Structure formats: structure tokens, C-alpha cells
>>> print(open('data-v9.pdb').read())   # PDB, C-alpha atoms, pLDDT in the B column
ATOM      1  CA  MET R 230      18.699 -23.343 -32.159  1.00 54.00           C
ATOM      2  CA  ARG R 231      16.947 -25.711 -34.573  1.00 51.00           C
ATOM      3  CA  LYS R 232      14.058 -23.265 -34.765  1.00 52.00           C
ATOM      4  CA  THR R 233      16.456 -20.478 -35.766  1.00 54.00           C
ATOM      5  CA  LEU R 234      17.886 -22.651 -38.545  1.00 47.00           C
ATOM      6  CA  ILE R 235      14.420 -23.496 -39.821  1.00 49.00           C
ATOM      7  CA  VAL R 236      13.390 -19.838 -39.749  1.00 49.00           C
ATOM      8  CA  ALA R 237      16.584 -18.830 -41.571  1.00 52.00           C
ATOM      9  CA  ALA R 238      16.014 -21.501 -44.211  1.00 53.00           C
ATOM     10  CA  LEU R 239      12.398 -20.484 -44.722  1.00 49.00           C
ATOM     11  CA  ILE R 240      13.276 -16.827 -44.971  1.00 53.00           C
ATOM     12  CA  ALA R 241      16.017 -17.596 -47.430  1.00 52.00           C
ATOM     13  CA  LEU R 242      13.856 -19.800 -49.666  1.00 49.00           C
ATOM     14  CA  PRO R 243      14.299 -18.297 -53.057  1.00 42.00           C
ATOM     15  CA  VAL R 244      11.389 -16.789 -54.847  1.00 35.00           C
ATOM     16  CA  LEU R 245      11.620 -15.341 -58.301  1.00 30.00           C
ATOM     17  CA  ALA R 246      11.389 -11.629 -58.931  1.00 37.00           C
ATOM     18  CA  GLY R 247      12.011 -11.984 -62.646  1.00 39.00           C
ATOM     19  CA  CYS R 248      15.092 -12.042 -64.751  1.00 42.00           C
ATOM     20  CA  GLY R 249      17.770  -9.603 -63.712  1.00 45.00           C
ATOM     21  CA  SER R 250      19.496  -7.338 -66.145  1.00 50.00           C
ATOM     22  CA  SER R 251      23.035  -6.113 -66.355  1.00 57.00           C
ATOM     23  CA  ASP R 252      21.759  -2.611 -65.483  1.00 74.00           C
ATOM     24  CA  GLU R 253      20.921  -3.723 -61.951  1.00 80.00           C
ATOM     25  CA  PRO R 254      23.488  -3.108 -59.219  1.00 89.00           C
ATOM     26  CA  GLN R 255      25.470  -6.053 -57.893  1.00 94.00           C
ATOM     27  CA  LEU R 256      23.962  -7.563 -54.756  1.00 94.00           C
ATOM     28  CA  THR R 257      26.352  -7.960 -51.853  1.00 95.00           C
ATOM     29  CA  ALA R 258      26.340  -9.979 -48.658  1.00 96.00           C
ATOM     30  CA  ALA R 259      25.287  -6.775 -46.878  1.00 96.00           C
ATOM     31  CA  ASP R 260      22.242  -6.490 -49.177  1.00 95.00           C
ATOM     32  CA  LEU R 261      21.279 -10.098 -48.509  1.00 95.00           C
ATOM     33  CA  SER R 262      21.764  -9.704 -44.763  1.00 96.00           C
ATOM     34  CA  LYS R 263      19.543  -6.627 -44.706  1.00 96.00           C
ATOM     35  CA  SER R 264      16.882  -8.472 -46.706  1.00 94.00           C
ATOM     36  CA  LEU R 265      16.969 -11.452 -44.323  1.00 93.00           C
ATOM     37  CA  GLN R 266      16.613  -9.107 -41.349  1.00 95.00           C
ATOM     38  CA  ASP R 267      13.820  -7.144 -43.041  1.00 95.00           C
ATOM     39  CA  LYS R 268      11.984 -10.441 -43.613  1.00 92.00           C
ATOM     40  CA  GLY R 269      12.109 -11.377 -39.940  1.00 93.00           C
ATOM     41  CA  LEU R 270      15.488 -12.892 -39.091  1.00 92.00           C
ATOM     42  CA  LYS R 271      16.176 -10.932 -35.911  1.00 91.00           C
ATOM     43  CA  ASP R 272      19.685 -12.271 -35.240  1.00 94.00           C
ATOM     44  CA  ALA R 273      21.909  -9.854 -37.199  1.00 95.00           C
ATOM     45  CA  ALA R 274      25.005 -12.024 -36.762  1.00 95.00           C
ATOM     46  CA  LEU R 275      23.154 -15.046 -38.175  1.00 95.00           C
ATOM     47  CA  ALA R 276      21.832 -12.966 -41.080  1.00 95.00           C
ATOM     48  CA  ASP R 277      25.348 -11.670 -41.818  1.00 96.00           C
ATOM     49  CA  CYS R 278      26.799 -15.172 -41.706  1.00 96.00           C
ATOM     50  CA  ALA R 279      24.026 -16.658 -43.872  1.00 95.00           C
ATOM     51  CA  ALA R 280      24.349 -13.881 -46.441  1.00 96.00           C
ATOM     52  CA  LYS R 281      28.117 -14.382 -46.641  1.00 96.00           C
ATOM     53  CA  VAL R 282      27.638 -18.119 -47.184  1.00 96.00           C
ATOM     54  CA  PHE R 283      25.135 -17.511 -50.006  1.00 95.00           C
ATOM     55  CA  VAL R 284      27.517 -15.100 -51.756  1.00 96.00           C
ATOM     56  CA  ASP R 285      30.614 -17.250 -51.172  1.00 96.00           C
ATOM     57  CA  THR R 286      28.846 -20.310 -52.599  1.00 96.00           C
ATOM     58  CA  GLY R 287      28.870 -18.609 -55.993  1.00 96.00           C
ATOM     59  CA  ILE R 288      25.172 -18.121 -56.639  1.00 96.00           C
ATOM     60  CA  SER R 289      24.680 -15.851 -59.658  1.00 96.00           C
ATOM     61  CA  GLN R 290      23.304 -12.336 -59.351  1.00 95.00           C
ATOM     62  CA  ASP R 291      19.975 -13.561 -60.780  1.00 93.00           C
ATOM     63  CA  GLY R 292      19.947 -16.289 -58.144  1.00 93.00           C
ATOM     64  CA  LEU R 293      20.717 -13.810 -55.363  1.00 94.00           C
ATOM     65  CA  ARG R 294      17.885 -11.593 -56.601  1.00 93.00           C
ATOM     66  CA  THR R 295      15.620 -14.627 -56.469  1.00 89.00           C
ATOM     67  CA  LEU R 296      16.644 -15.184 -52.843  1.00 86.00           C
ATOM     68  CA  ILE R 297      15.486 -11.729 -51.780  1.00 87.00           C
ATOM     69  CA  SER R 298      12.361 -11.535 -53.924  1.00 87.00           C
ATOM     70  CA  ASP R 299       8.832 -11.703 -52.519  1.00 80.00           C
ATOM     71  CA  ASP R 300       7.247 -13.278 -55.640  1.00 75.00           C
ATOM     72  CA  GLN R 301       6.102 -16.835 -54.857  1.00 77.00           C
ATOM     73  CA  ALA R 302       4.884 -17.740 -58.386  1.00 75.00           C
ATOM     74  CA  ALA R 303       8.184 -19.133 -59.705  1.00 71.00           C
ATOM     75  CA  VAL R 304       8.784 -21.246 -56.621  1.00 72.00           C
ATOM     76  CA  GLN R 305       5.335 -22.758 -56.959  1.00 75.00           C
ATOM     77  CA  SER R 306       5.822 -23.415 -60.680  1.00 77.00           C
ATOM     78  CA  ASP R 307       9.327 -24.896 -60.200  1.00 78.00           C
ATOM     79  CA  PRO R 308       9.624 -26.154 -56.600  1.00 78.00           C
ATOM     80  CA  GLU R 309      12.619 -28.381 -57.367  1.00 83.00           C
ATOM     81  CA  ASN R 310      14.773 -25.443 -58.419  1.00 82.00           C
ATOM     82  CA  MET R 311      12.922 -22.881 -56.301  1.00 84.00           C
ATOM     83  CA  GLY R 312      12.580 -20.506 -59.253  1.00 87.00           C
ATOM     84  CA  MET R 313      16.331 -20.525 -59.938  1.00 91.00           C
ATOM     85  CA  SER R 314      18.548 -22.090 -62.551  1.00 93.00           C
ATOM     86  CA  ALA R 315      19.485 -25.682 -61.733  1.00 94.00           C
ATOM     87  CA  ASP R 316      23.046 -24.574 -60.942  1.00 96.00           C
ATOM     88  CA  ASP R 317      21.929 -21.789 -58.588  1.00 95.00           C
ATOM     89  CA  ALA R 318      19.394 -24.087 -56.923  1.00 93.00           C
ATOM     90  CA  ALA R 319      22.136 -26.637 -56.216  1.00 95.00           C
ATOM     91  CA  LYS R 320      24.375 -23.906 -54.820  1.00 95.00           C
ATOM     92  CA  SER R 321      21.504 -22.599 -52.695  1.00 93.00           C
ATOM     93  CA  ARG R 322      20.912 -26.057 -51.205  1.00 93.00           C
ATOM     94  CA  GLU R 323      24.658 -26.343 -50.525  1.00 94.00           C
ATOM     95  CA  ALA R 324      24.628 -22.901 -48.882  1.00 95.00           C
ATOM     96  CA  ARG R 325      21.674 -23.780 -46.636  1.00 92.00           C
ATOM     97  CA  GLY R 326      23.578 -26.829 -45.406  1.00 93.00           C
ATOM     98  CA  LYS R 327      26.633 -24.698 -44.675  1.00 93.00           C
ATOM     99  CA  ILE R 328      24.502 -22.133 -42.854  1.00 94.00           C
ATOM    100  CA  GLY R 329      23.452 -24.875 -40.448  1.00 91.00           C
ATOM    101  CA  THR R 330      27.009 -25.953 -39.735  1.00 92.00           C
ATOM    102  CA  GLU R 331      28.896 -22.664 -40.010  1.00 91.00           C
ATOM    103  CA  CYS R 332      26.422 -20.075 -38.799  1.00 91.00           C
ATOM    104  CA  VAL R 333      23.983 -21.773 -36.449  1.00 85.00           C
ATOM    105  CA  ALA R 334      26.349 -24.339 -34.939  1.00 74.00           C
ATOM    106  CA  GLY R 335      29.105 -21.744 -34.672  1.00 62.00           C
ATOM    107  CA  ALA R 336      26.824 -19.397 -32.724  1.00 62.00           C
ATOM    108  CA  ARG R 337      26.446 -21.815 -29.825  1.00 59.00           C
TER
END
>>> encode(input="data-v9.pdb", output="C-alpha cells")
Amino acid sequence: MRKTLIVAALIALPVLAGCGSSDEPQLTAADLSKSLQDKGLKDAALADCAAKVFVDTGISQDGLRTLISDDQAAVQSDPENMGMSADDAAKSREARGKIGTECVAGAR
């Protein structure tokens, strides 16, 4: 179970795709779940739960786009905030903690 949590956290590490614009569609928990599954998280229920936690934590749309991006440059240039605003990075860390208690622990 610990391995699943680590994999989920690694998959969900935010990486910057660039600044979002208001013309982009709103990302949903379903979009995040699909992205997590596409990136290797095979447990659909865990991906759904993790995605819901990220959205419910209040991460901005730019932050959510960062979560599903494949661009590693911003994370490497700003590892403390993982390529996100300080507020979104704090919310992302909070969400990852909740994923461990709500999603992984709840799946036992």
C-alpha cells in the first residue's frame, strides 16, 4: 500500500506546462483522474479519489494544469513550489497528505 501512495505522489508531482489562459476549458476531477491513469496509476478508484482531493483542496486551474503537465523544467527551476504558485504548492502538499489518509488508507 505504501508503494501505491509513493507512486501516486510521484505521478501527481506537479510540472509546469506554462501559464494557463482563460480560454482554456476548466479542468475537472475526471480530467485529473484520467491524466493520473494515463501516466501509470492503474488503480482507477485511487486515481478518482486523488483527483477529487486535488480539486476539493482548491488548487487553481493553473495549478491543476501544472499537475497534469509533462514539462519538468519548472519543477527543476523551482523545486520548493514544484512549478506552482506558493499558494497552489501549499495546497498540493496538503492534498498529497489527504490522499494518503483518505484514498490509500480508505482503500484497505
>>> resolve_selection(input="data-v9.pdb", expression="the PyMOL selection byres ((chain R and resi 256-265) around 8)", output="NGL selection string")
:R and (237 or 240-241 or 254-255 or 266-270 or 273 or 276-277 or 279-281 or 283-284 or 290 or 293-294 or 297)
>>> atom_distance(input="data-v9.pdb", atom1="atom CA of Thr295 of chain R", atom2="atom CA of Asp307 of chain R")
12.6 Å
>>> closest_residue(input="data-v9.pdb", among="R:Leu275, R:Val333, R:Val282, R:Ile288", to="Ala315 of chain R", atoms="only C-alpha atoms")
R:Ile288
>>> atom_distance(input="data-v9.pdb", atom1="atom CA of Val304 of chain R", atom2="atom CA of Asp316 of chain R")
15.3 Å
>>> atom_distance(input="data-v9.pdb", atom1="atom CA of Arg322 of chain R", atom2="atom CA of Asp252 of chain R")
27.5 Å
>>> resolve_selection(input="data-v9.pdb", expression="the PyMOL selection byres ((chain R and resi 308-311) around 10)", output="count of residues only")
24
>>> closest_residue(input="data-v9.pdb", among="R:Lys271, R:Thr286, R:Glu253, R:Cys278", to="Gly329 of chain R", atoms="only C-alpha atoms")
R:Cys278
